[in-house]
>>> print(open('start06.tsv').read())   # TSV, C-alpha atoms
chain	number	residue	atom	x	y	z
A	1	MET	CA	23.93	190.32	44.71
A	2	ASP	CA	23.11	190.12	41.00
A	3	ASN	CA	26.85	189.83	40.05
A	4	SER	CA	27.41	186.75	42.27
A	5	SER	CA	24.36	185.11	40.75
A	6	GLU	CA	25.75	185.69	37.32
A	7	LEU	CA	29.13	184.15	38.29
A	8	SER	CA	27.43	181.12	39.76
A	9	ASP	CA	25.55	180.43	36.57
A	10	LYS	CA	28.75	180.70	34.50
A	11	THR	CA	30.77	178.19	36.65
A	12	GLN	CA	28.05	175.56	37.04
A	13	MET	CA	28.78	172.35	35.01
A	14	THR	CA	26.24	170.51	33.05
A	15	ASN	CA	25.71	166.75	33.48
A	16	GLU	CA	27.29	166.13	30.12
A	17	GLU	CA	30.41	168.10	31.09
A	18	ARG	CA	30.61	166.24	34.41
A	19	LEU	CA	30.48	162.82	32.68
A	20	LYS	CA	33.12	163.93	30.19
A	21	LEU	CA	35.45	164.95	33.04
A	22	CYS	CA	34.94	161.60	34.82
A	23	ARG	CA	35.82	159.65	31.69
A	24	LYS	CA	38.95	161.76	31.27
A	25	LEU	CA	40.03	161.12	34.91
A	26	ASP	CA	39.48	157.34	34.50
A	27	ALA	CA	41.52	157.31	31.31
A	28	ASP	CA	44.34	159.29	32.97
A	29	LEU	CA	44.42	156.87	35.99
A	30	GLU	CA	44.48	153.83	33.73
A	31	GLU	CA	47.33	155.35	31.69
A	32	PHE	CA	49.23	156.10	34.90
A	33	ILE	CA	48.88	152.53	36.21
A	34	THR	CA	49.80	151.08	32.84
A	35	ASN	CA	52.96	153.16	32.66
A	36	LEU	CA	54.13	152.12	36.18
A	37	PRO	CA	57.42	150.07	36.12
A	38	LYS	CA	56.80	146.26	36.14
A	39	ARG	CA	58.21	144.64	39.30
A	40	LYS	CA	57.69	141.12	40.59
A	41	TYR	CA	56.17	140.91	44.06
A	42	GLN	CA	58.85	139.40	46.28
A	43	ASP	CA	57.22	139.18	49.69
A	44	GLY	CA	54.18	137.04	48.91
A	45	TRP	CA	53.57	133.36	49.67
A	46	PRO	CA	54.75	130.90	46.97
A	47	GLU	CA	51.89	129.78	44.76
A	48	ASP	CA	52.60	126.10	45.42
A	49	ARG	CA	52.68	126.53	49.22
A	50	TRP	CA	50.32	129.37	50.02
A	51	GLU	CA	47.90	127.15	51.94
A	52	GLU	CA	50.72	125.76	54.05
A	53	GLU	CA	52.10	129.23	54.76
A	54	MET	CA	48.64	130.55	55.56
A	55	ALA	CA	48.10	127.75	58.09
A	56	LYS	CA	51.29	128.84	59.90
A	57	HIS	CA	50.24	132.48	60.11
A	58	PRO	CA	48.97	133.33	63.63
A	59	PHE	CA	45.93	135.15	62.19
A	60	PHE	CA	44.79	132.11	60.22
A	61	MET	CA	46.19	129.04	62.02
A	62	LYS	CA	43.63	126.53	63.26
A	63	LYS	CA	45.82	124.60	65.72
A	64	VAL	CA	48.54	125.30	68.27
A	65	PRO	CA	52.07	124.51	67.00
A	66	GLU	CA	53.49	121.20	68.23
A	67	LEU	CA	56.55	121.02	70.49
A	68	GLY	CA	59.71	121.52	68.43
A	69	GLU	CA	57.76	122.81	65.41
A	70	GLU	CA	59.19	125.91	63.69
A	71	LEU	CA	57.21	129.03	64.66
A	72	HIS	CA	56.08	131.80	62.35
A	73	PRO	CA	58.11	134.99	63.16
A	74	LEU	CA	54.92	136.90	63.96
A	75	TYR	CA	53.69	134.10	66.24
A	76	GLU	CA	57.08	134.01	67.94
A	77	GLY	CA	56.94	137.76	68.41
A	78	LEU	CA	53.46	137.62	69.91
A	79	GLN	CA	54.56	134.80	72.23
A	80	LYS	CA	57.57	136.81	73.36
A	81	LEU	CA	55.40	139.84	74.00
A	82	LYS	CA	52.93	137.74	75.96
A	83	TYR	CA	55.48	135.80	78.01
A	84	ASP	CA	58.37	138.25	78.34
A	85	PRO	CA	59.16	138.40	82.09
A	86	GLU	CA	60.43	141.95	81.64
A	87	GLU	CA	57.02	143.02	80.35
A	88	ASN	CA	54.80	140.93	82.66
A	89	GLU	CA	54.48	140.31	86.39
A	90	PRO	CA	54.76	136.67	87.68
A	91	TYR	CA	51.01	136.67	88.40
A	92	ASP	CA	50.16	137.73	84.85
A	93	LEU	CA	52.52	135.11	83.43
A	94	ALA	CA	51.03	132.40	85.64
A	95	ILE	CA	47.52	133.30	84.44
A	96	ALA	CA	48.67	133.36	80.80
A	97	TYR	CA	50.24	129.91	81.10
A	98	LYS	CA	47.17	128.65	82.90
A	99	ASP	CA	44.94	129.89	80.07
A	100	ASP	CA	47.18	128.17	77.53
A	101	GLY	CA	47.05	124.97	79.55
A	102	ASN	CA	43.26	125.15	79.77
A	103	PHE	CA	43.03	125.66	76.00
A	104	ASN	CA	45.15	122.57	75.32
A	105	PHE	CA	43.33	120.58	77.99
A	106	LYS	CA	39.99	121.45	76.40
A	107	HIS	CA	41.27	120.11	73.07
A	108	LYS	CA	42.67	116.98	74.79
A	109	ASN	CA	46.29	117.96	74.13
A	110	TYR	CA	47.18	116.83	77.64
A	111	ARG	CA	50.95	116.76	77.18
A	112	LEU	CA	50.99	120.34	75.90
A	113	ALA	CA	48.68	121.29	78.76
A	114	ILE	CA	51.19	119.82	81.25
A	115	VAL	CA	53.98	121.91	79.67
A	116	ALA	CA	51.91	125.10	79.99
A	117	TYR	CA	50.81	124.40	83.59
A	118	SER	CA	54.42	123.58	84.54
A	119	GLU	CA	55.59	126.95	83.19
A	120	GLY	CA	52.85	128.64	85.19
A	121	ILE	CA	53.91	126.84	88.37
A	122	LYS	CA	57.52	127.94	87.82
A	123	GLN	CA	56.48	131.59	88.10
A	124	ASN	CA	55.89	131.28	91.87
A	125	CYS	CA	53.34	134.05	91.52
A	126	GLY	CA	52.54	134.13	95.25
A	127	ASP	CA	48.79	133.73	94.77
A	128	HIS	CA	47.86	130.53	96.60
A	129	GLU	CA	44.61	130.08	94.68
A	130	VAL	CA	46.36	130.32	91.31
A	131	GLU	CA	49.23	128.04	92.39
A	132	ALA	CA	46.85	125.40	93.78
A	133	SER	CA	44.71	125.63	90.64
A	134	LEU	CA	47.74	125.15	88.36
A	135	LEU	CA	48.78	122.05	90.32
A	136	ASN	CA	45.23	120.70	90.24
A	137	ASN	CA	44.98	121.26	86.49
A	138	ARG	CA	48.32	119.59	85.84
A	139	ALA	CA	47.20	116.67	88.00
A	140	ALA	CA	44.06	116.41	85.88
A	141	ALA	CA	46.15	116.28	82.68
A	142	HIS	CA	48.32	113.52	84.19
A	143	TRP	CA	45.15	111.67	85.20
A	144	PHE	CA	43.86	111.51	81.63
A	145	LEU	CA	47.27	110.24	80.50
A	146	LYS	CA	47.09	107.61	83.28
A	147	ASN	CA	50.27	108.99	84.84
A	148	TYR	CA	48.89	108.15	88.27
A	149	ARG	CA	52.12	108.66	90.22
A	150	SER	CA	52.70	112.13	88.75
A	151	CYS	CA	49.03	112.94	89.25
A	152	LEU	CA	49.19	111.96	92.93
A	153	LYS	CA	52.37	113.97	93.44
A	154	ASP	CA	50.69	117.13	92.06
A	155	CYS	CA	47.61	116.47	94.18
A	156	GLU	CA	49.72	116.28	97.33
A	157	LEU	CA	51.53	119.52	96.41
A	158	ALA	CA	48.18	121.26	95.82
A	159	LEU	CA	46.85	120.01	99.17
A	160	LYS	CA	49.85	121.52	100.98
A	161	ILE	CA	48.71	124.88	99.66
A	162	LYS	CA	44.97	124.27	100.01
A	163	PRO	CA	44.29	121.35	102.42
A	164	MET	CA	40.51	121.09	101.87
A	165	TYR	CA	40.56	121.20	98.06
A	166	ASN	CA	37.78	118.64	97.49
A	167	LYS	CA	38.38	118.24	93.76
A	168	VAL	CA	42.03	117.41	94.47
A	169	LEU	CA	41.20	115.10	97.39
A	170	ASN	CA	38.84	113.17	95.12
A	171	ARG	CA	41.44	112.75	92.40
A	172	ALA	CA	44.15	111.82	94.94
A	173	ALA	CA	41.92	109.09	96.40
A	174	ASN	CA	41.30	107.61	92.94
A	175	CYS	CA	45.01	107.76	92.09
A	176	CYS	CA	45.86	105.84	95.24
A	177	TYR	CA	43.26	103.24	94.31
A	178	HIS	CA	44.86	102.73	90.89
A	179	LEU	CA	48.31	102.58	92.51
A	180	THR	CA	47.02	99.97	95.01
A	181	GLN	CA	47.88	102.34	97.88
A	182	TYR	CA	44.61	101.48	99.59
A	183	ASN	CA	45.41	102.77	103.08
A	184	LYS	CA	46.33	106.15	101.66
A	185	ALA	CA	43.19	106.15	99.50
A	186	LEU	CA	41.09	105.53	102.63
A	187	GLU	CA	42.67	108.58	104.32
A	188	PHE	CA	41.68	110.81	101.40
A	189	CYS	CA	38.18	109.31	101.35
A	190	ASP	CA	37.72	109.98	105.08
A	191	LYS	CA	38.73	113.63	104.62
A	192	LEU	CA	36.16	114.04	101.86
A	193	LEU	CA	33.46	112.34	103.98
A	194	GLU	CA	34.13	114.82	106.79
A	195	ASP	CA	32.75	117.50	104.49
A	196	ASN	CA	29.96	115.35	103.00
A	197	SER	CA	29.23	112.05	104.71
A	198	ASN	CA	26.65	111.13	102.04
A	199	ASN	CA	28.99	111.39	99.06
A	200	LYS	CA	27.97	108.20	97.23
A	201	GLU	CA	30.94	108.23	94.85
A	202	ILE	CA	33.43	108.40	97.71
A	203	LEU	CA	31.51	105.88	99.81
A	204	ASP	CA	31.65	103.42	96.91
A	205	LEU	CA	35.37	104.09	96.40
A	206	ARG	CA	36.01	103.55	100.11
A	207	LYS	CA	34.14	100.24	99.98
A	208	LYS	CA	36.22	99.10	96.99
A	209	CYS	CA	39.44	100.11	98.77
A	210	LEU	CA	38.53	98.07	101.85
A	211	LYS	CA	37.73	95.04	99.71
A	212	GLU	CA	40.97	95.33	97.71
A	213	LEU	CA	42.97	95.94	100.87
A	214	LYS	CA	41.70	92.71	102.44
A	215	GLU	CA	42.46	90.83	99.21
A	216	LYS	CA	45.94	92.36	99.05
A	217	GLU	CA	46.70	91.45	102.68
A	218	ARG	CA	45.47	87.90	102.06
A	219	ASN	CA	47.68	87.56	98.98
A	220	GLU	CA	50.67	88.95	100.86
A	221	ARG	CA	50.13	86.37	103.61
A	222	LYS	CA	50.02	83.63	100.97
A	223	LYS	CA	53.19	84.95	99.38
A	224	ASP	CA	54.89	85.09	102.76
A	225	ILE	CA	53.90	81.49	103.51
A	226	GLU	CA	55.08	80.39	100.05
A	227	LYS	CA	58.32	82.30	100.50
A	228	LYS	CA	59.00	80.60	103.83
A	229	LYS	CA	58.12	77.24	102.31
A	230	GLN	CA	60.50	77.85	99.39
A	231	LYS	CA	63.23	78.97	101.81
A	232	LYS	CA	62.79	75.74	103.75
A	233	LEU	CA	63.12	73.69	100.53
A	234	GLU	CA	66.25	75.59	99.57
A	235	ASP	CA	67.78	75.15	103.02
A	236	ASP	CA	66.99	71.41	102.94
A	237	LEU	CA	68.51	71.15	99.45
A	238	ILE	CA	71.76	72.81	100.49
A	239	LYS	CA	71.83	70.73	103.65
A	240	GLU	CA	71.61	67.50	101.61
A	241	ILE	CA	74.36	68.63	99.20
A	242	VAL	CA	76.65	69.46	102.11
A	243	ALA	CA	75.81	66.18	103.88
A	244	ARG	CA	76.89	64.17	100.81
A	245	GLY	CA	80.19	66.00	100.59
A	246	TYR	CA	79.71	67.15	96.99
A	247	GLN	CA	82.20	69.80	95.90
A	248	ILE	CA	80.61	72.88	94.40
A	249	GLU	CA	82.60	75.32	92.29
A	250	GLN	CA	83.52	78.46	94.31
A	251	GLY	CA	81.80	77.01	97.35
A	252	CYS	CA	83.16	75.68	100.58
A	253	SER	CA	81.73	73.21	103.06
A	254	GLY	CA	78.55	74.50	104.67
A	255	ASN	CA	78.65	77.75	102.68
A	256	ILE	CA	76.75	77.12	99.43
A	257	ASN	CA	74.17	79.43	97.90
A	258	LEU	CA	71.68	78.77	95.14
A	259	SER	CA	73.35	81.20	92.73
A	260	GLN	CA	76.23	78.67	92.46
A	261	LEU	CA	73.73	76.01	91.37
A	262	GLU	CA	72.16	77.88	88.42
A	263	PRO	CA	72.68	75.87	85.19
A	264	TYR	CA	74.83	77.59	82.59
A	265	PHE	CA	73.13	76.00	79.58
A	266	PRO	CA	69.84	77.58	78.41
A	267	GLU	CA	68.42	74.11	77.69
A	268	LEU	CA	68.68	73.34	81.42
A	269	ALA	CA	67.77	76.76	82.85
A	270	GLN	CA	64.44	75.49	84.23
A	271	TYR	CA	65.91	72.28	85.66
A	272	LYS	CA	68.32	73.24	88.41
A	273	VAL	CA	69.11	70.67	91.09
A	274	SER	CA	66.15	69.75	93.30
A	275	LEU	CA	65.40	67.49	96.25
A	276	ASN	CA	63.02	64.57	95.83
A	277	LYS	CA	61.48	64.30	99.30
A	278	GLU	CA	59.93	60.88	98.72
A	279	SER	CA	63.21	59.15	97.88
A	280	ASN	CA	65.39	61.66	99.73
A	281	SER	CA	67.49	61.97	96.59
A	282	LEU	CA	68.94	64.87	94.63
A	283	VAL	CA	67.88	65.29	91.01
A	284	TRP	CA	70.48	66.99	88.80
A	285	PRO	CA	70.63	68.41	85.29
A	286	VAL	CA	73.48	66.57	83.53
A	287	VAL	CA	75.45	67.17	80.33
A	288	PHE	CA	77.12	64.49	78.18
A	289	VAL	CA	79.82	65.91	75.91
A	290	TYR	CA	81.10	64.18	72.75
A	291	PRO	CA	84.43	65.94	72.05
A	292	GLU	CA	84.98	64.08	68.78
A	293	TYR	CA	81.97	65.81	67.25
A	294	LYS	CA	81.71	68.84	69.58
A	295	ILE	CA	78.12	67.88	70.40
A	296	MET	CA	76.27	67.63	73.72
A	297	ASP	CA	73.26	65.81	75.12
A	298	TYR	CA	71.24	67.29	77.98
A	299	VAL	CA	69.55	65.18	80.63
A	300	GLN	CA	67.16	67.53	82.40
A	301	GLN	CA	66.41	65.33	85.42
A	302	PHE	CA	69.04	62.80	86.47
A	303	ASN	CA	68.36	61.18	89.85
A	304	GLU	CA	71.56	60.59	91.82
A	305	HIS	CA	70.42	56.98	92.42
A	306	ASP	CA	70.46	56.28	88.66
A	307	SER	CA	73.60	55.05	86.97
A	308	ILE	CA	75.17	56.85	84.01
A	309	SER	CA	74.78	53.74	81.85
A	310	GLU	CA	71.00	53.75	82.36
A	311	HIS	CA	70.72	57.13	80.66
A	312	LEU	CA	73.33	56.37	78.00
A	313	ASN	CA	71.45	53.19	77.08
A	314	ILE	CA	68.36	55.31	76.41
A	315	ILE	CA	70.33	57.91	74.44
A	316	PHE	CA	72.02	55.27	72.25
A	317	GLU	CA	69.00	53.05	71.87
A	318	THR	CA	69.30	54.07	68.21
A	319	TYR	CA	72.35	55.56	66.55
A	320	PRO	CA	72.27	59.36	66.52
A	321	GLU	CA	72.30	61.10	63.12
A	322	TRP	CA	75.74	62.59	63.69
A	323	ASP	CA	77.25	59.09	64.27
A	324	GLN	CA	77.78	58.26	60.60
A	325	GLN	CA	80.10	55.31	61.39
A	326	LYS	CA	77.69	53.88	64.00
A	327	LYS	CA	80.39	53.60	66.65
A	328	TYR	CA	78.55	55.08	69.66
A	329	ALA	CA	76.67	52.26	71.35
A	330	PRO	CA	76.28	50.88	74.89
A	331	GLY	CA	79.28	48.71	75.73
A	332	ASN	CA	81.48	50.53	73.17
A	333	ILE	CA	82.00	53.79	75.01
A	334	ASN	CA	84.07	55.12	77.94
A	335	VAL	CA	82.95	57.89	80.30
A	336	TYR	CA	85.32	60.46	81.87
A	337	PHE	CA	85.23	63.58	83.98
A	338	GLU	CA	87.84	66.31	84.40
A	339	ASN	CA	89.28	66.56	87.94
A	340	LEU	CA	90.76	69.50	89.82
A	341	GLU	CA	94.15	68.99	88.09
A	342	GLN	CA	92.34	69.06	84.71
A	343	LYS	CA	93.14	65.39	84.18
A	344	LEU	CA	90.61	62.98	82.70
A	345	VAL	CA	89.35	60.42	85.22
A	346	LYS	CA	87.60	57.33	83.91
A	347	VAL	CA	84.18	56.62	85.40
A	348	ASP	CA	82.51	53.30	86.12
A	349	ASP	CA	79.24	54.06	84.34
A	350	LYS	CA	77.48	51.27	86.21
A	351	LYS	CA	77.78	53.22	89.47
A	352	PRO	CA	75.01	55.59	90.61
A	353	LEU	CA	75.54	59.27	89.78
A	354	GLY	CA	75.69	60.18	93.47
A	355	GLU	CA	78.63	57.83	94.06
A	356	VAL	CA	80.50	59.27	91.06
A	357	LEU	CA	79.96	62.83	92.30
A	358	MET	CA	81.49	61.89	95.68
A	359	ASN	CA	84.82	61.29	93.97
A	360	PRO	CA	87.34	63.61	95.73
A	361	GLY	CA	88.43	65.07	92.38
A	362	TYR	CA	84.96	65.85	91.06
A	363	VAL	CA	83.77	69.49	91.16
A	364	ILE	CA	80.22	70.36	90.15
A	365	LYS	CA	80.37	73.50	88.02
A	366	ARG	CA	77.38	75.79	87.48
A	367	GLY	CA	75.11	73.30	89.23
A	368	THR	CA	75.48	70.92	86.28
A	369	PRO	CA	77.50	67.68	86.46
A	370	SER	CA	79.10	66.93	83.08
A	371	PHE	CA	80.88	63.94	81.55
A	372	MET	CA	82.91	63.31	78.39
A	373	ILE	CA	81.99	60.33	76.20
A	374	PHE	CA	84.47	58.58	73.87
A	375	VAL	CA	84.35	55.50	71.70
A	376	LYS	CA	86.65	52.90	73.30
A	377	GLY	CA	90.15	53.02	71.84
A	378	SER	CA	89.22	55.78	69.37
A	379	ASP	CA	91.78	58.29	68.12
A	380	ALA	CA	89.78	61.04	69.83
A	381	GLU	CA	90.05	59.25	73.19
A	382	LYS	CA	93.80	58.70	72.80
A	383	MET	CA	94.40	62.30	71.80
A	384	TYR	CA	92.47	63.73	74.77
A	385	LEU	CA	94.18	61.36	77.22
A	386	GLU	CA	97.58	62.47	75.91
A	387	ILE	CA	96.64	66.16	76.18
A	388	LYS	CA	95.21	65.81	79.64
>>> encode(input="start06.tsv", output="structure tokens")
Amino acid sequence: MDNSSELSDKTQMTNEERLKLCRKLDADLEEFITNLPKRKYQDGWPEDRWEEEMAKHPFFMKKVPELGEELHPLYEGLQKLKYDPEENEPYDLAIAYKDDGNFNFKHKNYRLAIVAYSEGIKQNCGDHEVEASLLNNRAAAHWFLKNYRSCLKDCELALKIKPMYNKVLNRAANCCYHLTQYNKALEFCDKLLEDNSNNKEILDLRKKCLKELKEKERNERKKDIEKKKQKKLEDDLIKEIVARGYQIEQGCSGNINLSQLEPYFPELAQYKVSLNKESNSLVWPVVFVYPEYKIMDYVQQFNEHDSISEHLNIIFETYPEWDQQKKYAPGNINVYFENLEQKLVKVDDKKPLGEVLMNPGYVIKRGTPSFMIFVKGSDAEKMYLEIK
């Protein structure tokens, strides 16, 4: 008993000895660290891009990566672990995709939400509640993107699974309203009112649908009347052309359609042949060609009762800029058309247009009568007559 007490007193350290030992251990550790081989750290983030790299790290990122954006290997690994079909049941995957979709939806990333919900739907998890919810959520994302057709399609798919899904019925009714499918919207409204006949929102929507439906039907009746009226005008026009015996390119007697009467020239596109009911006359777009200068004049409305000279007198009331020699003037020009044999036929420009067009060799091409104008006795006239 006394011996052990003696030993204890001999081994006990004083405070001074304890401090001395601590200083020695600190010095030894510092010497050890100092003498370690110097090696550059290779696996760290570059100093100039550490913030960028940190933002990509799944532990520190503040936003979900965009579609097509390169993923951090750790993030990719976590995604694979979470969505690996070999590690997860279809139900678990559907829920995981639904959660992702809800996260993106909450942050108004509706397109990413649609991608996530679509992946969840693909799992065919077999749980009707989950499948209907995924379709409803995807419909909601389409709604906020104003993809009303896609939204309605998802609503209808959800209703096949869960027919009395009020949230979906409501959205489907509103989609139909925006798509002007008012009868269909009324059907959805009536289903909702079966469950709650005092639903003010749906009652108001139903009222708007009825109003728009009546307006739509009225407009359709007007369009139908206008269409019939236009058809009558077109039939009368063709009837008058046939009655006069005018030859239309690619047309035969009694078998003319309006597509053959569309003007080729952009300047005349809005002035195709029409029927003047008051004078019972046809009004044509006409082209005057000046081969010597490769220039044309366009007469947008040329009544068949008017003579060619009447319009030429207006055109040449003053000399055109391109007529440097001042040769083109009424009384100093000849008018021709090209017949079926591609020969030039001289025209009496004092005759009405309608009489000229009745010439057996005249063919109206592209709904636009055209004539060639030459200075009398000019070299250009002689050359073209020789060629033709």
>>> residues_around(input="start06.tsv", residues="range 330-335 of chain A", least_positions_apart="3", cutoff="7 Å", atoms="only C-alpha atoms", output="list in words")
Leu312, Asn313, Phe316, Lys346, Val347, Asp349, Phe371, Met372, Ile373, Phe374, Val375 and Lys376 of chain A
>>> atom_distance(input="start06.tsv", atom1="CA of Asn198 in chain A", atom2="CA of Glu212 in chain A")
21.8 Å
>>> residues_around(input="start06.tsv", residues="range 272-274 of chain A", least_positions_apart="5", cutoff="9 Å", atoms="only C-alpha atoms", output="PyMOL selection string")
chain A and resi 233-234+237+261-263+281-285+300-301+367-368
>>> closest_residue(input="start06.tsv", among="A:Lys229, A:Arg366, A:Lys153, A:Lys343", to="Leu258 in chain A", atoms="only C-alpha atoms")
A:Arg366
>>> atom_distance(input="start06.tsv", atom1="CA of Ala94 in chain A", atom2="CA of Asn124 in chain A")
8.0 Å
>>> atom_distance(input="start06.tsv", atom1="CA of Tyr177 in chain A", atom2="CA of Cys209 in chain A")
6.7 Å
>>> residues_around(input="start06.tsv", residues="range 144-148 of chain A", least_positions_apart="6", cutoff="8 Å", atoms="all atoms listed in the file", output="number ranges by chain")
A: 110, 175-176, 178-179
>>> decode(input="start06.tsv", residues="range 283-291 of chain A", atoms="all heavy atoms", output="mmCIF file, in the first residue's frame")
data_model
loop_
_atom_site.group_PDB
_atom_site.id
_atom_site.type_symbol
_atom_site.label_atom_id
_atom_site.label_comp_id
_atom_site.auth_asym_id
_atom_site.auth_seq_id
_atom_site.Cartn_x
_atom_site.Cartn_y
_atom_site.Cartn_z
ATOM 1 N N VAL A 283 -65.236 43.511 -116.936
ATOM 2 C CA VAL A 283 -64.139 44.448 -116.689
ATOM 3 C C VAL A 283 -62.860 43.634 -116.500
ATOM 4 O O VAL A 283 -62.773 42.811 -115.593
ATOM 5 C CB VAL A 283 -64.414 45.317 -115.447
ATOM 6 C CG1 VAL A 283 -63.264 46.286 -115.211
ATOM 7 C CG2 VAL A 283 -65.733 46.066 -115.608
ATOM 8 N N TRP A 284 -61.880 43.879 -117.382
ATOM 9 C CA TRP A 284 -60.670 43.063 -117.408
ATOM 10 C C TRP A 284 -59.434 43.844 -116.943
ATOM 11 O O TRP A 284 -59.368 45.059 -117.117
ATOM 12 C CB TRP A 284 -60.373 42.584 -118.838
ATOM 13 C CG TRP A 284 -61.386 41.661 -119.415
ATOM 14 C CD1 TRP A 284 -62.500 42.003 -120.110
ATOM 15 C CD2 TRP A 284 -61.366 40.233 -119.366
ATOM 16 N NE1 TRP A 284 -63.191 40.890 -120.505
ATOM 17 C CE2 TRP A 284 -62.525 39.777 -120.061
ATOM 18 C CE3 TRP A 284 -60.521 39.288 -118.805
ATOM 19 C CZ2 TRP A 284 -62.822 38.435 -120.212
ATOM 20 C CZ3 TRP A 284 -60.803 37.940 -118.956
ATOM 21 C CH2 TRP A 284 -61.950 37.522 -119.654
ATOM 22 N N PRO A 285 -58.443 43.119 -116.403
ATOM 23 C CA PRO A 285 -57.118 43.726 -116.250
ATOM 24 C C PRO A 285 -56.393 43.538 -117.588
ATOM 25 O O PRO A 285 -56.468 42.467 -118.198
ATOM 26 C CB PRO A 285 -56.465 42.872 -115.150
ATOM 27 C CG PRO A 285 -57.113 41.532 -115.280
ATOM 28 C CD PRO A 285 -58.515 41.775 -115.799
ATOM 29 N N VAL A 286 -55.740 44.577 -118.074
ATOM 30 C CA VAL A 286 -55.109 44.517 -119.407
ATOM 31 C C VAL A 286 -53.659 44.977 -119.314
ATOM 32 O O VAL A 286 -53.323 45.865 -118.523
ATOM 33 C CB VAL A 286 -55.891 45.391 -120.419
ATOM 34 C CG1 VAL A 286 -55.144 45.477 -121.752
ATOM 35 C CG2 VAL A 286 -57.298 44.817 -120.644
ATOM 36 N N VAL A 287 -52.819 44.357 -120.156
ATOM 37 C CA VAL A 287 -51.395 44.713 -120.194
ATOM 38 C C VAL A 287 -51.048 45.218 -121.595
ATOM 39 O O VAL A 287 -51.391 44.580 -122.595
ATOM 40 C CB VAL A 287 -50.501 43.501 -119.844
ATOM 41 C CG1 VAL A 287 -49.025 43.855 -120.028
ATOM 42 C CG2 VAL A 287 -50.752 43.055 -118.407
ATOM 43 N N PHE A 288 -50.364 46.373 -121.657
ATOM 44 C CA PHE A 288 -49.785 46.879 -122.907
ATOM 45 C C PHE A 288 -48.268 46.675 -122.833
ATOM 46 O O PHE A 288 -47.621 47.132 -121.891
ATOM 47 C CB PHE A 288 -50.090 48.373 -123.099
ATOM 48 C CG PHE A 288 -51.547 48.659 -123.358
ATOM 49 C CD1 PHE A 288 -52.229 49.618 -122.616
ATOM 50 C CD2 PHE A 288 -52.224 47.980 -124.356
ATOM 51 C CE1 PHE A 288 -53.574 49.888 -122.872
ATOM 52 C CE2 PHE A 288 -53.566 48.246 -124.621
ATOM 53 C CZ PHE A 288 -54.243 49.188 -123.874
ATOM 54 N N VAL A 289 -47.746 45.992 -123.842
ATOM 55 C CA VAL A 289 -46.309 45.675 -123.871
ATOM 56 C C VAL A 289 -45.629 46.513 -124.954
ATOM 57 O O VAL A 289 -46.138 46.615 -126.077
ATOM 58 C CB VAL A 289 -46.086 44.170 -124.147
ATOM 59 C CG1 VAL A 289 -44.595 43.838 -124.122
ATOM 60 C CG2 VAL A 289 -46.853 43.318 -123.150
ATOM 61 N N TYR A 290 -44.473 47.080 -124.614
ATOM 62 C CA TYR A 290 -43.672 47.849 -125.575
ATOM 63 C C TYR A 290 -42.366 47.097 -125.816
ATOM 64 O O TYR A 290 -41.372 47.305 -125.104
ATOM 65 C CB TYR A 290 -43.389 49.254 -125.020
ATOM 66 C CG TYR A 290 -44.638 49.948 -124.512
ATOM 67 C CD1 TYR A 290 -44.933 50.004 -123.153
ATOM 68 C CD2 TYR A 290 -45.536 50.531 -125.406
ATOM 69 C CE1 TYR A 290 -46.078 50.621 -122.697
ATOM 70 C CE2 TYR A 290 -46.692 51.160 -124.949
ATOM 71 C CZ TYR A 290 -46.964 51.194 -123.590
ATOM 72 O OH TYR A 290 -48.109 51.805 -123.143
ATOM 73 N N PRO A 291 -42.359 46.172 -126.793
ATOM 74 C CA PRO A 291 -41.188 45.306 -127.000
ATOM 75 C C PRO A 291 -39.889 46.068 -127.258
ATOM 76 O O PRO A 291 -38.813 45.586 -126.893
ATOM 77 C CB PRO A 291 -41.597 44.477 -128.231
ATOM 78 C CG PRO A 291 -43.084 44.503 -128.236
ATOM 79 C CD PRO A 291 -43.459 45.852 -127.722
#
